[in-house]
Structure formats: structure tokens, C-alpha cells
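Dumped protein12.txt below, it's compact mmCIF, C-alpha atoms:
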# COMPACT_ATOMS: atom_id res chain seq x y z
CA MET A 475 -3.33 -129.84 137.00
CA THR A 476 -0.32 -131.56 135.51
CA PHE A 477 1.77 -128.47 134.79
CA LEU A 478 4.32 -129.15 137.50
CA GLY A 479 4.05 -132.88 137.29
CA SER A 480 3.15 -133.92 140.82
CA SER A 481 0.42 -133.53 143.39
CA SER A 482 3.01 -132.28 145.91
CA ASP A 483 3.82 -129.41 143.53
CA GLU A 484 0.12 -128.63 143.25
CA ALA A 485 -0.24 -128.71 147.05
CA ALA A 486 2.72 -126.34 147.41
CA ILE A 487 1.07 -123.91 145.00
CA ARG A 488 -2.22 -123.99 146.90
CA GLU A 489 -0.39 -123.52 150.21
CA HIS A 490 1.73 -120.61 148.93
CA SER A 491 -1.10 -118.92 147.08
CA PRO A 492 -4.59 -119.45 148.47
CA GLU A 493 -5.68 -116.20 146.75
CA ILE A 494 -4.90 -117.50 143.25
CA GLU A 495 -6.17 -120.74 141.75
CA PHE A 496 -4.53 -122.28 138.68
CA LEU A 497 -6.41 -124.46 136.20
CA ALA A 498 -5.61 -125.87 132.78
CA ALA A 499 -6.30 -123.10 130.29
CA SER A 500 -9.49 -123.37 128.26
CA PRO A 501 -10.95 -121.44 125.32
CA THR A 502 -13.75 -120.30 127.67
CA HIS A 503 -11.16 -118.28 129.66
CA ILE A 504 -10.10 -116.19 126.66
CA GLY A 505 -13.04 -113.75 126.46
CA PRO A 506 -13.08 -112.74 130.14
CA ILE A 507 -9.30 -112.21 130.21
CA ALA A 508 -9.26 -110.32 126.91
CA THR A 509 -11.97 -107.88 128.01
CA ARG A 510 -10.09 -107.01 131.24
CA MET A 511 -6.54 -107.23 129.83
CA ARG A 512 -4.04 -104.67 131.11
CA GLU A 513 -3.56 -101.79 128.69
CA VAL A 514 0.17 -102.47 128.31
CA ASP A 515 -0.52 -106.15 127.48
CA ARG A 516 -3.12 -105.01 124.97
CA VAL A 517 -0.55 -102.65 123.36
CA GLU A 518 1.96 -105.53 123.13
CA CYS A 519 -0.62 -107.76 121.42
CA LEU A 520 -1.59 -105.10 118.91
CA ALA A 521 2.04 -104.17 118.17
CA LEU A 522 2.75 -107.81 117.38
CA GLY A 523 -0.25 -108.02 115.04
CA HIS A 524 -2.90 -109.66 117.23
CA SER A 525 -6.00 -108.60 119.08
CA PRO A 526 -6.02 -109.66 122.75
CA LYS A 527 -8.36 -112.56 121.92
CA GLN A 528 -6.18 -113.67 118.99
CA ALA A 529 -3.04 -113.57 121.14
CA LEU A 530 -4.63 -115.61 123.92
CA ARG A 531 -6.04 -118.09 121.40
CA ALA A 532 -2.64 -118.46 119.72
CA GLY A 533 -0.94 -118.91 123.08
CA LEU A 534 -3.42 -121.55 124.16
CA THR A 535 -3.23 -123.53 120.92
CA THR A 536 0.56 -123.45 120.53
CA SER A 537 1.67 -123.90 124.15
CA SER A 538 2.91 -127.21 125.46
CA LEU A 539 2.07 -125.95 128.96
CA CYS A 540 -0.76 -123.46 129.49
CA LEU A 541 -2.59 -122.35 132.64
CA THR A 542 -5.18 -119.81 133.65
CA ALA A 543 -4.83 -117.92 136.93
CA PHE A 544 -8.11 -117.25 138.74
CA VAL A 545 -8.50 -114.53 141.36
CA LYS A 546 -11.76 -114.66 143.33
CA LYS A 547 -13.02 -117.34 140.90
CA ARG A 548 -12.52 -115.09 137.83
CA PRO A 549 -10.00 -115.87 135.07
CA GLU A 550 -7.50 -113.01 135.25
CA ALA A 551 -4.39 -114.22 133.41
CA MET A 552 -3.25 -116.93 131.04
CA PHE A 553 0.34 -118.03 130.65
CA GLY A 554 2.28 -120.80 129.07
CA LEU A 555 5.29 -122.11 127.23
CA VAL A 556 5.63 -122.43 123.47
CA VAL A 557 8.47 -124.80 122.55
CA THR A 558 10.14 -123.03 119.64
CA ASN A 559 12.96 -125.52 119.02
CA ALA A 560 12.76 -128.90 120.74
CA LEU A 561 16.15 -130.06 119.41
CA CYS A 562 17.97 -127.05 120.86
CA GLY A 563 15.79 -126.83 123.98
CA GLU A 564 14.38 -123.37 123.29
CA GLY A 565 11.04 -122.06 124.49
CA ARG A 566 9.01 -118.88 124.60
CA PRO A 567 7.26 -118.17 127.91
CA TRP A 568 4.34 -115.77 127.79
CA MET A 569 1.71 -114.25 130.06
CA LEU A 570 -1.21 -111.94 129.37
CA GLY A 571 -3.60 -110.76 132.03
CA SER A 572 -5.64 -108.19 133.85
CA ASP A 573 -4.60 -105.76 136.56
CA ALA A 574 -6.08 -108.15 139.14
CA ILE A 575 -3.18 -110.58 138.73
CA TYR A 576 -0.64 -107.81 139.34
CA ARG A 577 -2.47 -106.93 142.57
CA GLN A 578 -1.13 -110.28 143.86
CA PRO A 579 2.62 -109.44 143.88
CA ARG A 580 3.59 -111.72 146.76
CA ALA A 581 1.92 -114.71 145.15
CA MET A 582 3.57 -113.93 141.81
CA LEU A 583 7.00 -113.67 143.42
CA ARG A 584 6.49 -116.91 145.39
CA LEU A 585 5.08 -118.90 142.47
CA GLY A 586 7.04 -117.47 139.56
CA PRO A 587 10.14 -119.56 140.30
CA LEU A 588 8.05 -122.77 140.47
CA PHE A 589 6.45 -122.15 137.08
CA LEU A 590 9.70 -121.04 135.44
CA SER A 591 11.46 -124.11 136.85
CA ALA A 592 8.78 -126.32 135.30
CA MET A 593 9.27 -124.54 131.98
CA LEU A 594 13.03 -125.01 132.22
CA ASP A 595 12.45 -128.72 132.78
CA SER A 596 11.00 -128.78 129.24
CA THR A 597 13.45 -126.40 127.60
CA SER A 598 16.88 -125.30 128.73
CA SER A 599 16.50 -121.74 127.42
CA LEU A 600 13.54 -119.36 127.63
CA SER A 601 13.26 -116.09 125.74
CA ASN A 602 10.65 -113.64 124.54
CA LEU A 603 9.98 -109.96 123.97
CA VAL A 604 8.49 -107.51 126.46
CA ALA A 605 7.46 -103.93 125.68
CA CYS A 606 9.92 -101.46 127.18
CA ARG A 607 7.02 -99.57 128.75
CA ASN A 608 5.81 -102.74 130.55
CA SER A 609 7.70 -101.82 133.70
CA ARG A 610 5.83 -104.19 136.03
CA ALA A 611 6.57 -107.19 133.82
CA ILE A 612 10.20 -106.13 133.42
CA ARG A 613 10.63 -105.80 137.20
CA PHE A 614 9.03 -109.22 137.70
CA LEU A 615 11.21 -110.85 135.03
CA ALA A 616 14.34 -109.27 136.53
CA ARG A 617 13.38 -110.66 139.97
CA MET A 618 13.03 -114.08 138.36
CA GLY A 619 16.62 -113.87 137.09
CA CYS A 620 16.00 -112.98 133.45
CA ILE A 621 18.74 -111.23 131.47
CA PHE A 622 17.79 -108.39 129.12
CA GLU A 623 19.52 -107.61 125.84
CA LYS A 624 20.81 -104.08 125.43
CA GLU A 625 19.36 -103.58 121.95
CA MET A 626 15.70 -102.66 121.55
CA VAL A 627 13.55 -103.81 118.63
CA MET A 628 10.58 -101.93 117.17
CA HIS A 629 7.26 -103.51 116.23
CA ASN A 630 4.61 -101.13 114.92
CA GLU A 631 6.17 -98.15 116.72
CA VAL A 632 6.39 -99.97 120.07
CA GLU A 633 9.84 -100.61 121.57
CA PHE A 634 10.50 -104.14 122.83
CA ILE A 635 13.42 -105.72 124.63
CA THR A 636 14.37 -109.40 124.56
CA PHE A 637 14.69 -111.30 127.84
CA THR A 638 16.31 -114.68 128.36
CA LEU A 639 16.48 -117.21 131.18
CA GLU A 640 18.76 -120.26 131.05
CA ARG A 641 18.60 -123.47 133.05
CA ARG A 642 21.30 -123.42 135.71

Output the file's structure in the form of C-alpha cells.
Amino acid sequence: MTFLGSSSDEAAIREHSPEIEFLAASPTHIGPIATRMREVDRVECLALGHSPKQALRAGLTTSSLCLTAFVKKRPEAMFGLVVTNALCGEGRPWMLGSDAIYRQPRAMLRLGPLFLSAMLDSTSSLSNLVACRNSRAIRFLARMGCIFEKEMVMHNEVEFITFTLERR
């Protein structure tokens, strides 16, 4: 895995999270994740005009960094970074997954800062939308230091809020 750039980073991830394994994302991971995707992630995909498979495929093909999280040897989430403006250092982080990944809250809280730091090494500003009803993702993003805009935006009758994280 070259996501974090060094074998010591990879060793730290394995040490901090023996219950989750991270591998470079592959098209073969899309089907299993899509069929077990959390309902709220599925609603987000559909509201933004994609099926779960289409959203995962688009994320995989457009991301400069993209990983799959495995729990008990099963692909349970895919996440990555889409560089939206290289000149201005802007990127769009994303993650779609099953309930199994959210049953690993300690690992997510320990590893989230490592992955976000790696993303902020590539881009100085991260932002994306999250559905207002996606309370678990919103809590996680808030714990990671993300700032939320006050104004909501509607996509196909689903309310979204924009979150941002800047390099410090």
C-alpha cells in the first residue's frame, strides 16, 4: 500500500487496527460493497444521481488515492480523494461502506487522522457534501475537525451539508 507513503505508516496502521485491513481499491471490491452498502450511503448516492455501484466506480476511477477497508477479509468500505483543483490544492474526500465498517468506531477514530493527513499532504483543502440524516458520518467528520457550513443544499429531495477541512 502506498497511500501513506512509507512502510512505517503501513506498520502503524496494522498495529492500531488489526481488525481492519486496507488494500489498494480494485473494481472487484465494488460489487460486494455495493450490495451491503449502508442505507444512508445508498440514499446519498441515489440523490446525487448514481447507483451504489456507479458511485463506487466513479470514486475508484477519479481518485488519486483510493483504498478498500476489509473487515474479517470482506471488503466493507471504499474511500479516497478526488483532486478537484490541483492548482488551488482542493480535493474531495469520500467514503462509502457497509454497517460493518461503522462497527469499528475505535479503529476509525484512530486511523481517520492518518488518512486525512495523507489527503492533506496532496491538497491543502478538503470538502464534500454529506446528507444531513447521515448522523454517524457527521459525528465522525466533526471528531476529525471538519467545519460544517450553515446552509443546507437539496439534491433530489435530500438535504446535504458541506464540510471542509483545511491543512493546519

Per-residue nearest contacts range 544-642 of chain A to range 503-515 of chain A, cut-off 6 Å, using only C-alpha atoms, as a tab-separated table:
residue	atom	partner	partner_atom	distance
A:Glu550	CA	A:Ile507	CA	5.4
A:Gly571	CA	A:Met511	CA	5.1
A:Ser572	CA	A:Met511	CA	4.2
A:Asp573	CA	A:Arg512	CA	5.6

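Across the model, the gap from CA of Gln528 in chain A to CA of Ser500 in chain A is 13.8 Å.
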
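Note that the spacing between CA of Asn630 in chain A and CA of Arg610 in chain A amounts to 21.4 Å.
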
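Close to (-2.0, -114.5, 133.0), meaning no more than 8 Å away when counting all atoms listed in the file, sit the residues Leu541, Thr542, Ala543, Glu550, Ala551, Met552, Phe553, Met569, Leu570, Gly571, Ser572 and Ile575 of chain A.
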
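Each of A:Leu585, A:Ala574, A:Ala498, A:Ala605 was checked against Leu520 in chain A using all atoms listed in the file; the smallest atom-to-atom distance is that of A:Ala605.
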
> Between CA of Ala499 in chain A and CA of Leu534 in chain A, what is the spacing in Å?
Replying inline: 6.9 Å

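Between Asp595 in chain A and the candidates A:Val545, A:Glu640, A:Ala529, A:Gly523, the tightest atom-to-atom separation, counting all atoms listed in the file, involves A:Glu640.
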
> Hey, which of A:Leu530, A:Ala592, A:Ile635, A:Val517 ends up closest to Ile612 in chain A? Count all atoms listed in the file.
Replying inline: A:Ile635

>> Every residue with an atom at most 6 Å from (2.2, -124.8, 123.5) (file coordinates; only C-alpha atoms) is what I'm after, so could you write them as number ranges by chain?
In response: A: 536-539, 555-556

>> as a list in words, please: the residues near Arg580 in chain A (cut-off 12 Å, all atoms listed in the file, same-chain neighbours under 2 positions excluded).
In response: His490, Ser491, Pro492, Glu493, Ile494, Ile575, Tyr576, Arg577, Gln578, Met582, Leu583, Arg584, Leu585, Gly586, Phe614 and Arg617 of chain A

> Any idea what's packed within 12 Å of Leu561 in chain A, counting all atoms listed in the file, ignoring anything in its chain fewer than 6 positions away? Could you give it as a ChimeraX atom specification?
Replying inline: /A:596-599

> Between A:Phe637, A:Val632, A:Phe589, A:Pro549, which has the minimum distance to Arg613 in chain A (counting all atoms listed in the file)?
Replying inline: A:Phe637

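With distances restricted to all atoms listed in the file, A:Arg641 is the closest residue to Gly563 in chain A from A:Glu495, A:Ser525, A:Glu625, A:Arg641.
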